[in-house]
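Undergrad: Please read through the structure below; I'll follow up with questions.
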Amino acid sequence: MKPPRAILLTRSVAENRRIAPLFDAKGMTVLSLPMIALHDLPVDSSIIPPSDHSFLVLLTSREATTRWLALRRDDARCRKIDVSGYLIVGEGSGEMIGRVEGEAPVLLTADSIEKLCGAVRRQRKTLLPAGGEKPLLYPCSSARRDEGVDAISGLGVEVIELPLYEPFIPPESASDFPHAIARLAPGDAILFFSPSAVAHFFELLQALESTEIDRNPKLDGLRMIAIGPTTAAALRAHGVADAETPARPDVREIAAMLAE
């Protein structure tokens with residue numbers, strides 16, 4: 001398959017700007033259509049557990065990891081939490097935790113919540129020596145996937161959710177949507193990095209389909225790229241049967257995959 005002439009990035013404005021050079025360097029025209037912006041939520045102090053407990057911490061996104069580390073730095077009560085270990089989805093988040101919290105072990109990393117749950121199940125006796133009674137703190141988005149929480153809870157683990165941010169569609173992206181899609185040609189690619197971005201994209205697409213027919217964007221022949229299995233599953237749920245994923249959930253892997 002030939003490399004795409006152009007690619008459309010759907011991360012936040014700042015993230016699109018940060019990763020664009022990876023694709024520029026490979027001769028691809030980079031278009032930006034942010035499908036996600038984040039609103040930080042005030043921390044509900046009543047959720048933060050007492051410092052005399054030991055907790056596992058589950059992190060399933062870079063955004064949650066960044067905000068969790070900031071909370072550990074800035075909130076005295078959160079800083080005192082005894083973290084016995086981390087369960088992490090995404091190599092990037094694992095690297096961030098390793099750099100900042102070297103003393104708190106990264107027990108497991110995986111590229112999807114499903115694979116992480118499978119690994120926890122196989123190592124249950126090591127990770128959950130009290131028969132699954134050790135609580136798990138989950139810094140997350142307000143739009144976290146129910147099935148991910150259900151999968152962890154199904155292992156007999158008490159999950160304490162700590163919502164730190166809320167995703168929303170950037171207002172300017174709604175008006176830019178048809179024009180951005182119109183600039184793509186068959187063989188070009190749209191890149192998705194989270195289930196929330198996928199949901200927002202198809203929400204805008206559905207809204208357009210109820211307007212004038214000549215404004216409808218055409219997705220036929222476009223390649224739909226997902227950063228990893230979780231985002232690919234979100235694409236399939238919206239009818240994209242042939243979502244592509246890189247060998248590892250890393251944007252550099254996507255750039256290499258598209259250039260081959």
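A note on labels: chains of the structure tokens are A, B, ... as shown, every chain counts residues from 1, and ligands are counted from 1 in their shown order.
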Give me, as a ChimeraX atom specification, the residues of stretch 12-255 of chain A that a backbone DSSP run labels strand (DSSP E).

TA: /A:29-32,37-40,54-59,82-89,106-110,136-141,159-168,189-192,223-226

Undergrad: Report as CSV the residues of stretch 18-111 of chain A within 12 Å of stretch 228-234 of chain A, each with its shortest atom pair and distance in Å (one decimal), using only C-alpha atoms, ordered by chain and increasing residue number.

TA:
residue,atom,partner,partner_atom,distance
A:Thr60,CA,A:Thr230,CA,10.3
A:Ser61,CA,A:Thr230,CA,11.0
A:Val89,CA,A:Thr230,CA,10.0
A:Gly90,CA,A:Gly228,CA,9.0
A:Glu91,CA,A:Gly228,CA,11.3
A:Ala110,CA,A:Gly228,CA,10.4
A:Asp111,CA,A:Gly228,CA,6.6

Undergrad: Got time to write the residues from that selection, N, CA and C atoms, as a PDB file, in the first residue's frame?

TA:
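This is the output file selection-v6.pdb:
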ATOM      1  N   THR A  60      -4.787   4.519  32.590  1.00  0.00           N
ATOM      2  CA  THR A  60      -5.112   3.999  31.267  1.00  0.00           C
ATOM      3  C   THR A  60      -4.948   5.026  30.151  1.00  0.00           C
ATOM      4  N   SER A  61      -4.398   6.202  30.458  1.00  0.00           N
ATOM      5  CA  SER A  61      -4.175   7.204  29.409  1.00  0.00           C
ATOM      6  C   SER A  61      -3.056   8.136  29.817  1.00  0.00           C
ATOM      7  N   VAL A  89      -1.850   1.090  31.256  1.00  0.00           N
ATOM      8  CA  VAL A  89      -2.106   0.869  29.836  1.00  0.00           C
ATOM      9  C   VAL A  89      -1.316   1.926  29.065  1.00  0.00           C
ATOM     10  N   GLY A  90      -0.357   1.472  28.250  1.00  0.00           N
ATOM     11  CA  GLY A  90       0.437   2.404  27.449  1.00  0.00           C
ATOM     12  C   GLY A  90       1.871   2.524  27.927  1.00  0.00           C
ATOM     13  N   GLU A  91       2.814   2.276  27.010  1.00  0.00           N
ATOM     14  CA  GLU A  91       4.223   2.352  27.374  1.00  0.00           C
ATOM     15  C   GLU A  91       4.630   3.762  27.774  1.00  0.00           C
ATOM     16  N   ALA A 110       0.448  -2.835  29.613  1.00  0.00           N
ATOM     17  CA  ALA A 110      -0.169  -3.519  28.480  1.00  0.00           C
ATOM     18  C   ALA A 110      -0.669  -2.460  27.517  1.00  0.00           C
ATOM     19  N   ASP A 111      -0.998  -2.878  26.287  1.00  0.00           N
ATOM     20  CA  ASP A 111      -1.452  -1.887  25.314  1.00  0.00           C
ATOM     21  C   ASP A 111      -2.968  -1.780  25.226  1.00  0.00           C
TER      22      ASP A 111
END

Undergrad: Taking 2 positions as the minimum chain separation for residues in the same chain, which residues sit within 12 Å of A:Arg236 when counting only C-alpha atoms? Answer as a list in words.

TA: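 Non-adjacent residues within range: Pro195, Val198, Ala199, Phe202, Met224, Ile225, Ala226, Pro229, Thr230, Thr231, Ala232, Ala233, Ala234, His238, Gly239, Val240, Ala241, Asp242, Ala243 and Glu244 of chain A.
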
Undergrad: Could you find all residues in stretch 2-248 of chain A that DSSP calls alpha helix (DSSP H) from the backbone, and write them as a ChimeraX atom specification?

TA: /A:13-24,62-74,76-79,91-100,113-122,124-127,146-153,171-182,195-209,229-237

Undergrad: Write the residues of the selection above to a file with C-alpha atoms, as a CSV table (one decimal), in the first residue's frame.

TA:
chain,number,residue,atom,x,y,z
A,13,VAL,CA,-4.2,21.3,19.3
A,14,ALA,CA,-1.0,21.1,21.3
A,15,GLU,CA,-0.5,17.3,20.8
A,16,ASN,CA,-1.2,17.6,17.0
A,17,ARG,CA,1.5,20.3,16.8
A,18,ARG,CA,3.9,18.2,18.8
A,19,ILE,CA,3.6,15.1,16.7
A,20,ALA,CA,3.2,16.7,13.2
A,21,PRO,CA,7.0,16.7,12.5
A,22,LEU,CA,7.1,12.9,12.6
A,23,PHE,CA,4.8,12.8,9.5
A,24,ASP,CA,6.2,16.0,7.9
A,62,ARG,CA,-1.4,9.7,29.1
A,63,GLU,CA,-3.8,12.5,30.1
A,64,ALA,CA,-4.7,10.8,33.3
A,65,THR,CA,-1.1,10.0,34.1
A,66,THR,CA,0.0,13.6,33.6
A,67,ARG,CA,-2.8,14.9,35.9
A,68,TRP,CA,-2.1,12.2,38.5
A,69,LEU,CA,1.5,13.1,38.7
A,70,ALA,CA,0.6,16.8,39.0
A,71,LEU,CA,-1.8,15.9,41.8
A,72,ARG,CA,0.9,13.9,43.6
A,73,ARG,CA,3.2,16.9,43.3
A,74,ASP,CA,0.7,19.6,44.4
A,76,ALA,CA,-0.4,17.1,50.2
A,77,ARG,CA,-3.0,14.5,50.9
A,78,CYS,CA,-2.5,12.8,47.6
A,79,ARG,CA,1.2,12.9,48.0
A,91,GLU,CA,4.2,2.4,27.4
A,92,GLY,CA,4.4,6.2,27.4
A,93,SER,CA,2.6,6.4,30.7
A,94,GLY,CA,4.8,3.6,32.2
A,95,GLU,CA,7.9,5.6,31.2
A,96,MET,CA,6.4,8.8,32.8
A,97,ILE,CA,5.8,7.0,36.1
A,98,GLY,CA,9.2,5.4,36.0
A,99,ARG,CA,10.9,8.8,35.6
A,100,VAL,CA,8.9,10.6,38.3
A,113,ILE,CA,-7.3,-2.7,29.3
A,114,GLU,CA,-8.3,-6.1,28.1
A,115,LYS,CA,-4.7,-7.3,28.0
A,116,LEU,CA,-4.0,-5.7,31.3
A,117,CYS,CA,-6.9,-7.5,32.9
A,118,GLY,CA,-5.7,-10.8,31.4
A,119,ALA,CA,-2.2,-10.2,32.9
A,120,VAL,CA,-3.7,-9.3,36.3
A,121,ARG,CA,-5.8,-12.5,36.2
A,122,ARG,CA,-2.7,-14.6,35.5
A,124,ARG,CA,-3.5,-12.6,40.7
A,125,LYS,CA,-1.8,-14.3,43.6
A,126,THR,CA,1.2,-12.0,43.4
A,127,LEU,CA,-0.6,-8.8,42.7
A,146,ASP,CA,-17.5,1.3,31.5
A,147,GLU,CA,-16.3,-2.1,30.2
A,148,GLY,CA,-12.7,-1.4,31.4
A,149,VAL,CA,-13.9,-0.7,34.9
A,150,ASP,CA,-16.2,-3.7,34.8
A,151,ALA,CA,-13.4,-5.9,33.7
A,152,ILE,CA,-11.2,-4.9,36.6
A,153,SER,CA,-14.0,-5.1,39.1
A,171,PRO,CA,-16.2,24.3,19.2
A,172,GLU,CA,-14.0,25.4,16.2
A,173,SER,CA,-13.7,21.7,15.1
A,174,ALA,CA,-17.4,21.4,14.5
A,175,SER,CA,-17.3,24.2,11.9
A,176,ASP,CA,-14.0,23.0,10.4
A,177,PHE,CA,-15.1,19.4,10.2
A,178,PRO,CA,-16.5,19.2,6.6
A,179,HIS,CA,-13.8,21.4,5.2
A,180,ALA,CA,-11.0,19.3,6.7
A,181,ILE,CA,-12.5,16.0,5.5
A,182,ALA,CA,-13.0,17.5,2.0
A,195,PRO,CA,-12.1,6.3,22.1
A,196,SER,CA,-13.3,9.8,23.1
A,197,ALA,CA,-11.9,11.3,19.9
A,198,VAL,CA,-13.6,8.5,17.9
A,199,ALA,CA,-16.9,9.2,19.5
A,200,HIS,CA,-16.7,12.9,18.9
A,201,PHE,CA,-15.7,12.4,15.2
A,202,PHE,CA,-18.7,10.2,14.5
A,203,GLU,CA,-21.0,12.6,16.5
A,204,LEU,CA,-20.0,15.4,14.2
A,205,LEU,CA,-20.3,13.1,11.2
A,206,GLN,CA,-23.8,12.1,12.2
A,207,ALA,CA,-24.8,15.8,12.7
A,208,LEU,CA,-23.6,16.6,9.2
A,209,GLU,CA,-25.5,13.7,7.6
A,229,PRO,CA,-6.6,-2.0,20.3
A,230,THR,CA,-8.9,0.1,22.6
A,231,THR,CA,-9.3,2.8,20.0
A,232,ALA,CA,-9.6,0.3,17.2
A,233,ALA,CA,-12.5,-1.3,19.1
A,234,ALA,CA,-14.2,2.1,19.3
A,235,LEU,CA,-13.8,2.5,15.5
A,236,ARG,CA,-15.3,-1.0,14.9
A,237,ALA,CA,-18.2,-0.1,17.1

Undergrad: Using only C-alpha atoms, pick whichever of A:Pro50, A:Leu184, A:Val57, A:Ile88 has the shortest atom-to-atom distance to A:Pro139.

TA: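 Ranking A:Pro50, A:Leu184, A:Val57, A:Ile88 by distance to A:Pro139, first place goes to A:Val57.
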
Undergrad: How far is it from atom CA of A:Ala185 to atom CA of A:Ala37, in Å with one decimal?

TA: 26.4 Å

Undergrad: Calculate how many Å separate atom CA of A:Pro163 from atom CA of A:Pro42, rounding to one decimal.

TA: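 Separation of atom CA of A:Pro163 and atom CA of A:Pro42: 8.7 Å.
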
Undergrad: If you measure from atom CA of A:Ile36 to atom CA of A:Pro186, what distance in Å do you get, rounded to one decimal?

TA: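 Going from atom CA of A:Ile36 over to atom CA of A:Pro186 covers 24.6 Å.
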